[in-house]
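What follows is the content of model10.txt (compact mmCIF, C-alpha atoms).
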```
# COMPACT_ATOMS: atom_id res chain seq x y z
CA MET A 17 4.52 -58.60 17.76
CA SER A 18 3.44 -60.30 20.97
CA ALA A 19 5.12 -63.53 22.06
CA ALA A 20 2.01 -65.61 21.30
CA GLU A 21 1.31 -64.37 17.77
CA HIS A 22 1.29 -66.80 14.88
CA PRO A 23 4.46 -66.42 12.75
CA ARG A 24 2.38 -65.85 9.60
CA HIS A 25 1.96 -62.24 10.77
CA ALA A 26 5.71 -61.77 10.29
CA LEU A 27 5.65 -62.93 6.67
CA ASP A 28 6.40 -60.21 4.14
CA ASP A 29 3.76 -59.82 1.41
CA VAL A 30 6.33 -58.49 -1.05
CA ILE A 31 8.64 -61.48 -0.66
CA HIS A 32 6.01 -64.20 -0.30
CA ALA A 33 5.31 -64.69 -4.03
CA PRO A 34 7.30 -67.73 -5.25
CA VAL A 35 9.49 -66.07 -7.89
CA ARG A 36 10.19 -63.08 -5.66
CA PHE A 37 11.17 -65.43 -2.85
CA SER A 38 13.56 -67.32 -5.14
CA VAL A 39 15.15 -64.09 -6.38
CA MET A 40 15.52 -62.78 -2.84
CA ALA A 41 17.00 -66.11 -1.67
CA THR A 42 19.58 -66.00 -4.46
CA LEU A 43 20.52 -62.39 -3.77
CA ALA A 44 20.65 -63.00 0.00
CA ALA A 45 23.47 -65.47 -0.57
CA ALA A 46 25.32 -63.09 -2.87
CA GLU A 47 26.90 -59.72 -2.42
CA GLU A 48 26.07 -58.99 -6.03
CA ALA A 49 24.83 -61.21 -8.84
CA GLU A 50 24.55 -60.81 -12.56
CA PHE A 51 21.06 -60.72 -14.04
CA GLY A 52 21.78 -63.81 -16.16
CA PHE A 53 23.02 -65.81 -13.18
CA VAL A 54 19.83 -65.05 -11.22
CA ARG A 55 17.62 -65.75 -14.27
CA ASP A 56 19.25 -69.15 -14.87
CA GLY A 57 19.19 -70.09 -11.19
CA VAL A 58 15.55 -69.14 -10.65
CA GLN A 59 14.62 -70.58 -14.06
CA VAL A 60 12.49 -67.75 -15.36
CA SER A 61 12.51 -65.69 -18.54
CA ASP A 62 14.20 -62.31 -18.86
CA SER A 63 10.86 -60.53 -18.81
CA VAL A 64 9.59 -62.33 -15.69
CA LEU A 65 12.80 -61.59 -13.83
CA SER A 66 12.75 -58.01 -15.04
CA LYS A 67 9.19 -57.50 -13.69
CA THR A 68 10.09 -59.22 -10.43
CA VAL A 69 13.16 -57.06 -9.97
CA THR A 70 11.15 -53.93 -10.71
CA ALA A 71 8.65 -54.87 -7.99
CA LEU A 72 11.41 -55.62 -5.49
CA GLU A 73 13.27 -52.45 -6.43
CA ARG A 74 10.07 -50.42 -5.93
CA ALA A 75 9.76 -51.95 -2.45
CA GLY A 76 13.33 -50.85 -1.73
CA TYR A 77 14.57 -54.43 -1.35
CA VAL A 78 16.79 -54.72 -4.44
CA GLU A 79 19.34 -52.39 -5.96
CA VAL A 80 20.14 -52.52 -9.67
CA ARG A 81 23.45 -51.51 -11.20
CA LYS A 82 24.02 -51.32 -14.93
CA GLY A 83 27.41 -51.33 -16.57
CA TYR A 84 29.51 -52.81 -19.32
CA VAL A 85 31.94 -55.70 -19.55
CA GLY A 86 33.91 -54.74 -22.63
CA LYS A 87 31.21 -53.57 -25.01
CA ARG A 88 28.51 -55.85 -23.62
CA PRO A 89 25.91 -54.29 -21.32
CA ARG A 90 25.46 -56.08 -18.01
CA THR A 91 23.07 -55.69 -15.10
CA TRP A 92 24.03 -56.57 -11.53
CA LEU A 93 21.52 -57.07 -8.73
CA ARG A 94 22.01 -56.88 -4.99
CA LEU A 95 19.87 -56.78 -1.88
CA SER A 96 19.64 -53.45 -0.10
CA GLU A 97 20.09 -53.42 3.67
CA PRO A 98 16.30 -53.18 4.23
CA GLY A 99 15.87 -56.02 1.74
CA ARG A 100 18.36 -58.21 3.59
CA ARG A 101 16.65 -57.50 6.93
CA ALA A 102 13.22 -58.20 5.43
CA PHE A 103 14.39 -61.48 3.93
CA ASP A 104 15.99 -62.59 7.20
CA ALA A 105 12.75 -61.82 9.06
CA HIS A 106 10.70 -63.64 6.43
CA VAL A 107 12.95 -66.71 6.67
CA ALA A 108 12.71 -66.64 10.47
CA ALA A 109 8.92 -66.65 10.20
CA LEU A 110 9.01 -69.54 7.69
CA ARG A 111 11.30 -71.47 10.03
CA ALA A 112 8.88 -70.92 12.91
CA ILE A 113 5.98 -72.13 10.78
CA ALA A 114 7.92 -75.18 9.61
CA GLU A 115 8.78 -76.02 13.20
CA GLY A 116 5.25 -75.32 14.42
CA ARG A 117 6.16 -72.71 16.99
CA ALA A 118 5.33 -69.06 17.66
CA LEU A 119 7.89 -66.34 16.98
CA SER A 120 9.54 -64.87 20.05
CA ALA A 121 8.79 -61.23 20.80
CA GLY A 122 10.94 -58.57 19.12
CA MET B 5 -2.04 -63.61 2.71
CA THR B 6 -2.71 -67.32 3.16
CA ALA B 7 -0.38 -68.78 5.75
CA PRO B 8 1.86 -71.49 4.29
CA THR B 9 1.58 -74.97 5.70
CA PRO B 10 4.58 -76.25 7.69
CA GLU B 11 5.45 -78.48 4.72
CA TYR B 12 5.38 -75.58 2.27
CA ALA B 13 7.42 -73.41 4.64
CA ALA B 14 9.99 -76.20 4.90
CA ALA B 15 10.08 -76.46 1.10
CA LEU B 16 10.75 -72.71 0.83
CA LEU B 17 13.55 -72.97 3.38
CA ALA B 18 15.05 -75.83 1.38
CA GLU B 19 14.86 -73.65 -1.72
CA ALA B 20 16.72 -70.88 0.10
CA ASP B 21 19.43 -73.40 1.05
CA ALA B 22 19.65 -74.54 -2.57
CA ALA B 23 20.01 -70.92 -3.72
CA ARG B 24 22.85 -70.42 -1.23
CA ALA B 25 24.61 -73.53 -2.57
CA ARG B 26 24.07 -72.31 -6.14
CA VAL B 27 25.69 -68.94 -5.37
CA ARG B 28 28.61 -70.64 -3.61
CA GLY B 29 29.21 -72.89 -6.61
CA GLY B 30 28.63 -70.20 -9.20
CA ALA B 31 30.72 -67.46 -7.61
CA SER B 32 33.14 -65.96 -10.06
CA PRO B 33 36.69 -67.39 -9.92
CA ALA B 34 38.04 -63.99 -11.05
CA ALA B 35 38.73 -62.71 -7.52
CA SER B 36 40.50 -65.94 -6.53
CA ALA B 37 42.59 -65.88 -9.69
CA PHE B 38 43.49 -62.24 -9.10
CA LEU B 39 44.60 -62.90 -5.52
CA VAL B 40 46.67 -65.96 -6.49
CA THR B 41 48.40 -63.94 -9.22
CA LEU B 42 48.99 -61.01 -6.89
CA GLY B 43 50.39 -63.24 -4.13
CA CYS B 44 52.71 -65.20 -6.42
CA ALA B 45 53.88 -62.09 -8.30
CA SER B 46 54.61 -60.28 -5.02
CA ALA B 47 56.53 -63.25 -3.61
CA GLY B 48 58.49 -63.53 -6.86
CA PHE B 49 59.30 -59.83 -6.76
CA PHE B 50 60.60 -60.08 -3.19
CA LEU B 51 62.67 -63.20 -4.00
CA ALA B 52 64.10 -61.38 -7.03
CA GLN B 53 65.76 -58.81 -4.76
CA PRO B 54 68.56 -61.12 -3.48
CA LEU B 55 68.42 -63.33 -6.57
CA ALA B 56 68.96 -60.54 -9.12
CA GLY B 57 71.88 -59.09 -7.23
CA SER B 58 71.81 -55.85 -9.21
CA GLU B 59 69.54 -52.88 -9.78
CA ARG B 60 69.01 -53.91 -13.39
CA GLY B 61 67.74 -57.35 -12.36
CA VAL B 62 65.47 -55.84 -9.74
CA GLY B 63 64.11 -53.44 -12.36
CA ALA B 64 63.29 -56.35 -14.65
CA ALA B 65 61.56 -58.17 -11.78
CA ALA B 66 59.56 -55.02 -11.01
CA THR B 67 58.44 -54.82 -14.64
CA VAL B 68 57.27 -58.45 -14.64
CA PHE B 69 55.50 -57.87 -11.31
CA THR B 70 53.73 -54.74 -12.62
CA PHE B 71 52.50 -56.42 -15.81
CA ALA B 72 51.30 -59.51 -13.90
CA VAL B 73 49.31 -57.39 -11.45
CA LEU B 74 47.86 -55.15 -14.19
CA GLY B 75 46.82 -58.21 -16.21
CA ALA B 76 45.19 -59.84 -13.20
CA ALA B 77 43.42 -56.60 -12.29
CA ALA B 78 42.04 -56.28 -15.83
CA ALA B 79 40.79 -59.87 -15.67
CA LEU B 80 39.21 -59.18 -12.26
CA LEU B 81 37.36 -56.10 -13.48
CA SER B 82 36.02 -57.82 -16.59
CA GLY B 83 35.26 -61.21 -15.08
CA ARG B 84 33.57 -60.45 -11.79
CA GLY B 85 30.02 -61.69 -12.17
CA THR B 86 28.59 -63.10 -8.98
CA THR B 87 30.20 -62.80 -5.58
CA ARG B 88 29.20 -64.38 -2.31
CA ALA B 89 27.75 -62.26 0.49
CA GLY B 90 30.48 -60.49 2.46
CA PHE B 91 32.95 -60.46 -0.44
CA SER B 92 33.96 -56.79 -0.13
CA PRO B 93 35.19 -56.83 3.49
CA ARG B 94 37.02 -60.14 2.96
CA PHE B 95 38.67 -58.85 -0.21
CA ALA B 96 39.55 -55.52 1.43
CA LEU B 97 41.15 -57.35 4.36
CA ALA B 98 43.34 -59.48 2.06
CA MET B 99 44.36 -56.43 0.01
CA GLY B 100 45.00 -54.33 3.12
CA VAL B 101 47.31 -56.89 4.75
CA TRP B 102 49.09 -57.50 1.43
CA GLY B 103 49.59 -53.76 0.91
CA ALA B 104 50.92 -53.25 4.43
CA VAL B 105 53.42 -56.14 4.16
CA LEU B 106 54.53 -54.97 0.70
CA ALA B 107 55.00 -51.34 1.77
CA ILE B 108 56.80 -52.11 5.03
CA GLY B 109 58.95 -54.84 3.44
CA LEU B 110 60.09 -52.62 0.59
CA ALA B 111 60.58 -49.54 2.75
CA VAL B 112 62.75 -51.37 5.29
CA GLY B 113 64.54 -53.66 2.83
CA LEU B 114 65.55 -50.88 0.47
CA THR B 115 66.56 -48.30 3.07
CA VAL B 116 68.30 -50.27 5.82
CA PRO B 117 71.94 -50.84 4.82
CA GLY B 118 72.83 -54.46 4.06
CA LEU B 119 69.26 -55.73 3.55
CA ALA B 120 68.83 -54.99 -0.16
CA TYR B 121 70.28 -58.34 -1.30
CA ASP B 122 69.93 -60.32 1.95
CA TRP B 123 68.05 -63.63 1.61
CA SER B 124 67.27 -63.76 5.31
CA TRP B 125 65.18 -60.60 4.94
CA TRP B 126 63.46 -61.20 1.59
CA ALA B 127 62.70 -64.94 1.81
CA PRO B 128 60.43 -64.76 4.91
CA LEU B 129 58.86 -61.59 3.52
CA ALA B 130 58.05 -63.41 0.27
CA VAL B 131 56.00 -65.89 2.30
CA ALA B 132 54.42 -63.11 4.38
CA VAL B 133 53.37 -61.06 1.33
CA ALA B 134 51.88 -64.06 -0.48
CA ALA B 135 50.03 -65.45 2.54
CA PRO B 136 47.14 -62.91 2.79
CA CYS B 137 46.50 -63.22 -0.94
CA LEU B 138 46.52 -67.00 -0.96
CA VAL B 139 44.30 -67.20 2.13
CA GLY B 140 41.93 -64.69 0.51
CA ALA B 141 41.91 -66.70 -2.73
CA TRP B 142 41.07 -69.85 -0.78
CA ARG B 143 38.15 -68.12 0.93
CA GLU B 144 36.75 -66.78 -2.35
CA ARG B 145 37.07 -69.96 -4.38
CA PRO B 146 33.87 -71.30 -5.94
CA ARG B 147 32.67 -74.32 -3.95
```
As structure tokens:
Amino acid sequence: MSAAEHPRHALDDVIHAPVRFSVMATLAAAEEAEFGFVRDGVQVSDSVLSKTVTALERAGYVEVRKGYVGKRPRTWLRLSEPGRRAFDAHVAALRAIAEGRALSAG
Amino acid sequence: MTAPTPEYAAALLAEADAARARVRGGASPAASAFLVTLGCASAGFFLAQPLAGSERGVGAAATVFTFAVLGAAAALLSGRGTTRAGFSPRFALAMGVWGAVLAIGLAVGLTVPGLAYDWSWWAPLAVAVAAPCLVGAWRERPR
């Protein structure tokens, strides 16, 4: 991107949707988070979170791990490295927009 | 994509901050509890060397130490839900320093003549072996 470009060009279409952004923001702060913790924090239903995670997983931004705690099935979510980089870039663009400045080159 | 207004962008950034605070507060206490147990059990095991004064007493202390660590490890494996970003390297550092102090302390204390029941060797080591665990537990506490 050139130095004079508007920061909106750096926004990520995959992350920009509100629920996806909330899920990504939660996972960015965590190394790994349980499905239920993310669902309660983002305040969505199981099915909405499940669809959101599927979309983010398809984009390569989220990794899903399934396992058991005792006999109870559990699902853990985490950001992949590309997902973490994409979220950081998206947040940098949002910060530039909020501050009314252009993003620096690179 | 429609570009967000500066106000909406600021609201999204505030939401990201709130999510970070939520993860900090909701991080599982299992890792902290495990490290506290490990640190205290290790310090107790080291202090038991001069205190027990016999191989039988040391054996009993080793048994208590083993069960405490196994119990804490089981609780850690079953209770770890959400962990803050960067948990693995921080946890590995605490465990690595603990393991090194434990191994060196035991190897020297049990092989060098005269150290096996010497307070001046085991008491400082008890502090040294607990310290990485307690510092690690402090760093991983929910907040």
* Counting all atoms listed in the file, which residues from chain A have an atom at most 6 Å from any atom of chain B, and could you show them as a ChimeraX atom specification? -> /A:24,41-42,45-50,85,110,113-114
* Looking at B:Pro136, B:Pro146, B:Pro54, B:Gly75, which one is nearest to B:Trp102, with distances taken over only C-alpha atoms? -> B:Pro136
* Any idea what the distance is between atom CA of B:Cys137 and atom CA of B:Ala47? ->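 Between these atoms lies a distance of 10.4 Å.
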* Asked: Nearest to A:Asp29 among A:Ala118, A:Leu65, A:Leu43, A:Ala75, with distances taken over all atoms listed in the file: which residue is it?
  -> A:Ala75
* What is the atom CA of A:Asp104-atom CA of B:Pro93 distance in Å, reported with one decimal? ->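 Answer for the atom CA of A:Asp104 to atom CA of B:Pro93 separation: 20.4 Å.
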* To do: Up to 10 Å from (51.6, -64.2, 2.1) in the file's coordinates: name the residues, counting only C-alpha atoms, as a list in words.
  =>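 Residues satisfying the cut-off, written out: Leu42, Gly43, Cys44, Ser46, Ala47, Ala98, Val101, Trp102, Val105, Leu106, Pro128, Leu129, Ala130, Val131, Ala132, Val133, Ala134, Ala135, Pro136, Cys137, Leu138, Val139 and Gly140 of chain B.
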* Asked: How many Å separate atom CA of B:Pro33 from atom CA of B:Arg143?
  -> 11.0 Å
* Shell around stretch 63-71 of chain B at 8 Å using all atoms listed in the file, local window under 2 positions removed, as an MDAnalysis selection string -> chainID B and resid 45:46 48:49 52 59:61 73:75
* **Nearest to A:Ser61 by atom-to-atom distance, counting all atoms listed in the file, from A:Val35, A:Glu79, A:Pro89, A:Ala108** =>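 Among the listed residues, A:Val35 lies closest to A:Ser61.
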* Rank B:Gln53, B:Ala76, B:Tyr121, B:Val62 by their smallest atom-to-atom distance to B:Val40, using all atoms listed in the file, and report the top residue only. => B:Ala76
* **Spatial neighbours of A:Phe51, 12 Å, only C-alpha atoms, chain gap at least 2 places, as a ChimeraX atom specification** => /A:39,42-43,48-49,53-66,68-69,79-83,89-94 /B:85-86
* Could you pull out every residue with an atom within 10 Å of (11.6, -54.5, -2.4), file coordinates, counting all atoms listed in the file, and send them as a list in words? =>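 Residues satisfying the cut-off, written out: Val30, Ile31, Arg36, Met40, Thr68, Val69, Thr70, Ala71, Leu72, Glu73, Arg74, Ala75, Gly76, Tyr77, Val78, Glu79, Leu95, Ser96, Pro98, Gly99, Arg100, Ala102 and Phe103 of chain A.
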Export C-alpha atoms of the chosen residues as a PDB file, in the frame of the given file?
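Saved to out10.pdb:
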```
ATOM      1  CA  VAL A  30       6.330 -58.490  -1.050  1.00  0.00           C
ATOM      2  CA  ILE A  31       8.640 -61.480  -0.660  1.00  0.00           C
ATOM      3  CA  ARG A  36      10.190 -63.080  -5.660  1.00  0.00           C
ATOM      4  CA  MET A  40      15.520 -62.780  -2.840  1.00  0.00           C
ATOM      5  CA  THR A  68      10.090 -59.220 -10.430  1.00  0.00           C
ATOM      6  CA  VAL A  69      13.160 -57.060  -9.970  1.00  0.00           C
ATOM      7  CA  THR A  70      11.150 -53.930 -10.710  1.00  0.00           C
ATOM      8  CA  ALA A  71       8.650 -54.870  -7.990  1.00  0.00           C
ATOM      9  CA  LEU A  72      11.410 -55.620  -5.490  1.00  0.00           C
ATOM     10  CA  GLU A  73      13.270 -52.450  -6.430  1.00  0.00           C
ATOM     11  CA  ARG A  74      10.070 -50.420  -5.930  1.00  0.00           C
ATOM     12  CA  ALA A  75       9.760 -51.950  -2.450  1.00  0.00           C
ATOM     13  CA  GLY A  76      13.330 -50.850  -1.730  1.00  0.00           C
ATOM     14  CA  TYR A  77      14.570 -54.430  -1.350  1.00  0.00           C
ATOM     15  CA  VAL A  78      16.790 -54.720  -4.440  1.00  0.00           C
ATOM     16  CA  GLU A  79      19.340 -52.390  -5.960  1.00  0.00           C
ATOM     17  CA  LEU A  95      19.870 -56.780  -1.880  1.00  0.00           C
ATOM     18  CA  SER A  96      19.640 -53.450  -0.100  1.00  0.00           C
ATOM     19  CA  PRO A  98      16.300 -53.180   4.230  1.00  0.00           C
ATOM     20  CA  GLY A  99      15.870 -56.020   1.740  1.00  0.00           C
ATOM     21  CA  ARG A 100      18.360 -58.210   3.590  1.00  0.00           C
ATOM     22  CA  ALA A 102      13.220 -58.200   5.430  1.00  0.00           C
ATOM     23  CA  PHE A 103      14.390 -61.480   3.930  1.00  0.00           C
TER      24      PHE A 103
END
```
* From the list B:Arg145, B:Ala72, B:Val116, B:Ala78, which residue is nearest B:Gly29 when using all atoms listed in the file? ->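 Closest to B:Gly29 of all the choices is B:Arg145.
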Kindly output stretch 45-67 of chain A as a compact mmCIF listing (two decimals), keeping the file's coordinate frame, after building N, CA and C atoms.
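out_20.txt was written with the following content:
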```txt
# COMPACT_ATOMS: atom_id res chain seq x y z
N ALA A 45 22.22 -64.71 -0.69
CA ALA A 45 23.47 -65.47 -0.57
C ALA A 45 24.63 -64.77 -1.27
N ALA A 46 24.29 -63.76 -2.08
CA ALA A 46 25.32 -63.09 -2.87
C ALA A 46 25.53 -61.67 -2.39
N GLU A 47 26.71 -61.17 -2.63
CA GLU A 47 26.90 -59.72 -2.42
C GLU A 47 26.33 -58.99 -3.62
N GLU A 48 26.57 -59.56 -4.78
CA GLU A 48 26.07 -58.99 -6.03
C GLU A 48 26.00 -60.12 -7.04
N ALA A 49 24.96 -60.13 -7.86
CA ALA A 49 24.83 -61.21 -8.84
C ALA A 49 24.40 -60.64 -10.18
N GLU A 50 24.94 -61.24 -11.23
CA GLU A 50 24.55 -60.81 -12.56
C GLU A 50 23.12 -61.25 -12.87
N PHE A 51 22.44 -60.43 -13.65
CA PHE A 51 21.06 -60.72 -14.04
C PHE A 51 20.94 -62.14 -14.61
N GLY A 52 21.85 -62.50 -15.51
CA GLY A 52 21.78 -63.81 -16.16
C GLY A 52 21.94 -64.96 -15.18
N PHE A 53 22.81 -64.76 -14.19
CA PHE A 53 23.02 -65.81 -13.18
C PHE A 53 21.73 -66.03 -12.38
N VAL A 54 21.07 -64.94 -11.99
CA VAL A 54 19.83 -65.05 -11.22
C VAL A 54 18.73 -65.69 -12.09
N ARG A 55 18.64 -65.22 -13.35
CA ARG A 55 17.62 -65.75 -14.27
C ARG A 55 17.79 -67.26 -14.43
N ASP A 56 19.02 -67.72 -14.66
CA ASP A 56 19.25 -69.15 -14.87
C ASP A 56 18.99 -69.95 -13.59
N GLY A 57 19.37 -69.39 -12.46
CA GLY A 57 19.19 -70.09 -11.19
C GLY A 57 17.72 -70.22 -10.81
N VAL A 58 16.97 -69.14 -11.03
CA VAL A 58 15.55 -69.14 -10.65
C VAL A 58 14.70 -69.80 -11.75
N GLN A 59 15.29 -69.93 -12.91
CA GLN A 59 14.62 -70.58 -14.06
C GLN A 59 13.37 -69.83 -14.49
N VAL A 60 13.58 -68.57 -14.81
CA VAL A 60 12.49 -67.75 -15.36
C VAL A 60 13.02 -67.05 -16.60
N SER A 61 12.10 -66.43 -17.34
CA SER A 61 12.51 -65.69 -18.54
C SER A 61 13.06 -64.32 -18.15
N ASP A 62 13.70 -63.67 -19.09
CA ASP A 62 14.20 -62.31 -18.86
C ASP A 62 13.08 -61.38 -18.41
N SER A 63 11.93 -61.48 -19.10
CA SER A 63 10.86 -60.53 -18.81
C SER A 63 10.26 -60.77 -17.42
N VAL A 64 10.12 -62.04 -17.03
CA VAL A 64 9.59 -62.33 -15.69
C VAL A 64 10.55 -61.82 -14.62
N LEU A 65 11.84 -62.07 -14.83
CA LEU A 65 12.80 -61.59 -13.83
C LEU A 65 12.82 -60.06 -13.80
N SER A 66 12.73 -59.47 -14.97
CA SER A 66 12.75 -58.01 -15.04
C SER A 66 11.57 -57.42 -14.25
N LYS A 67 10.38 -58.00 -14.43
CA LYS A 67 9.19 -57.50 -13.69
C LYS A 67 9.36 -57.74 -12.20
```
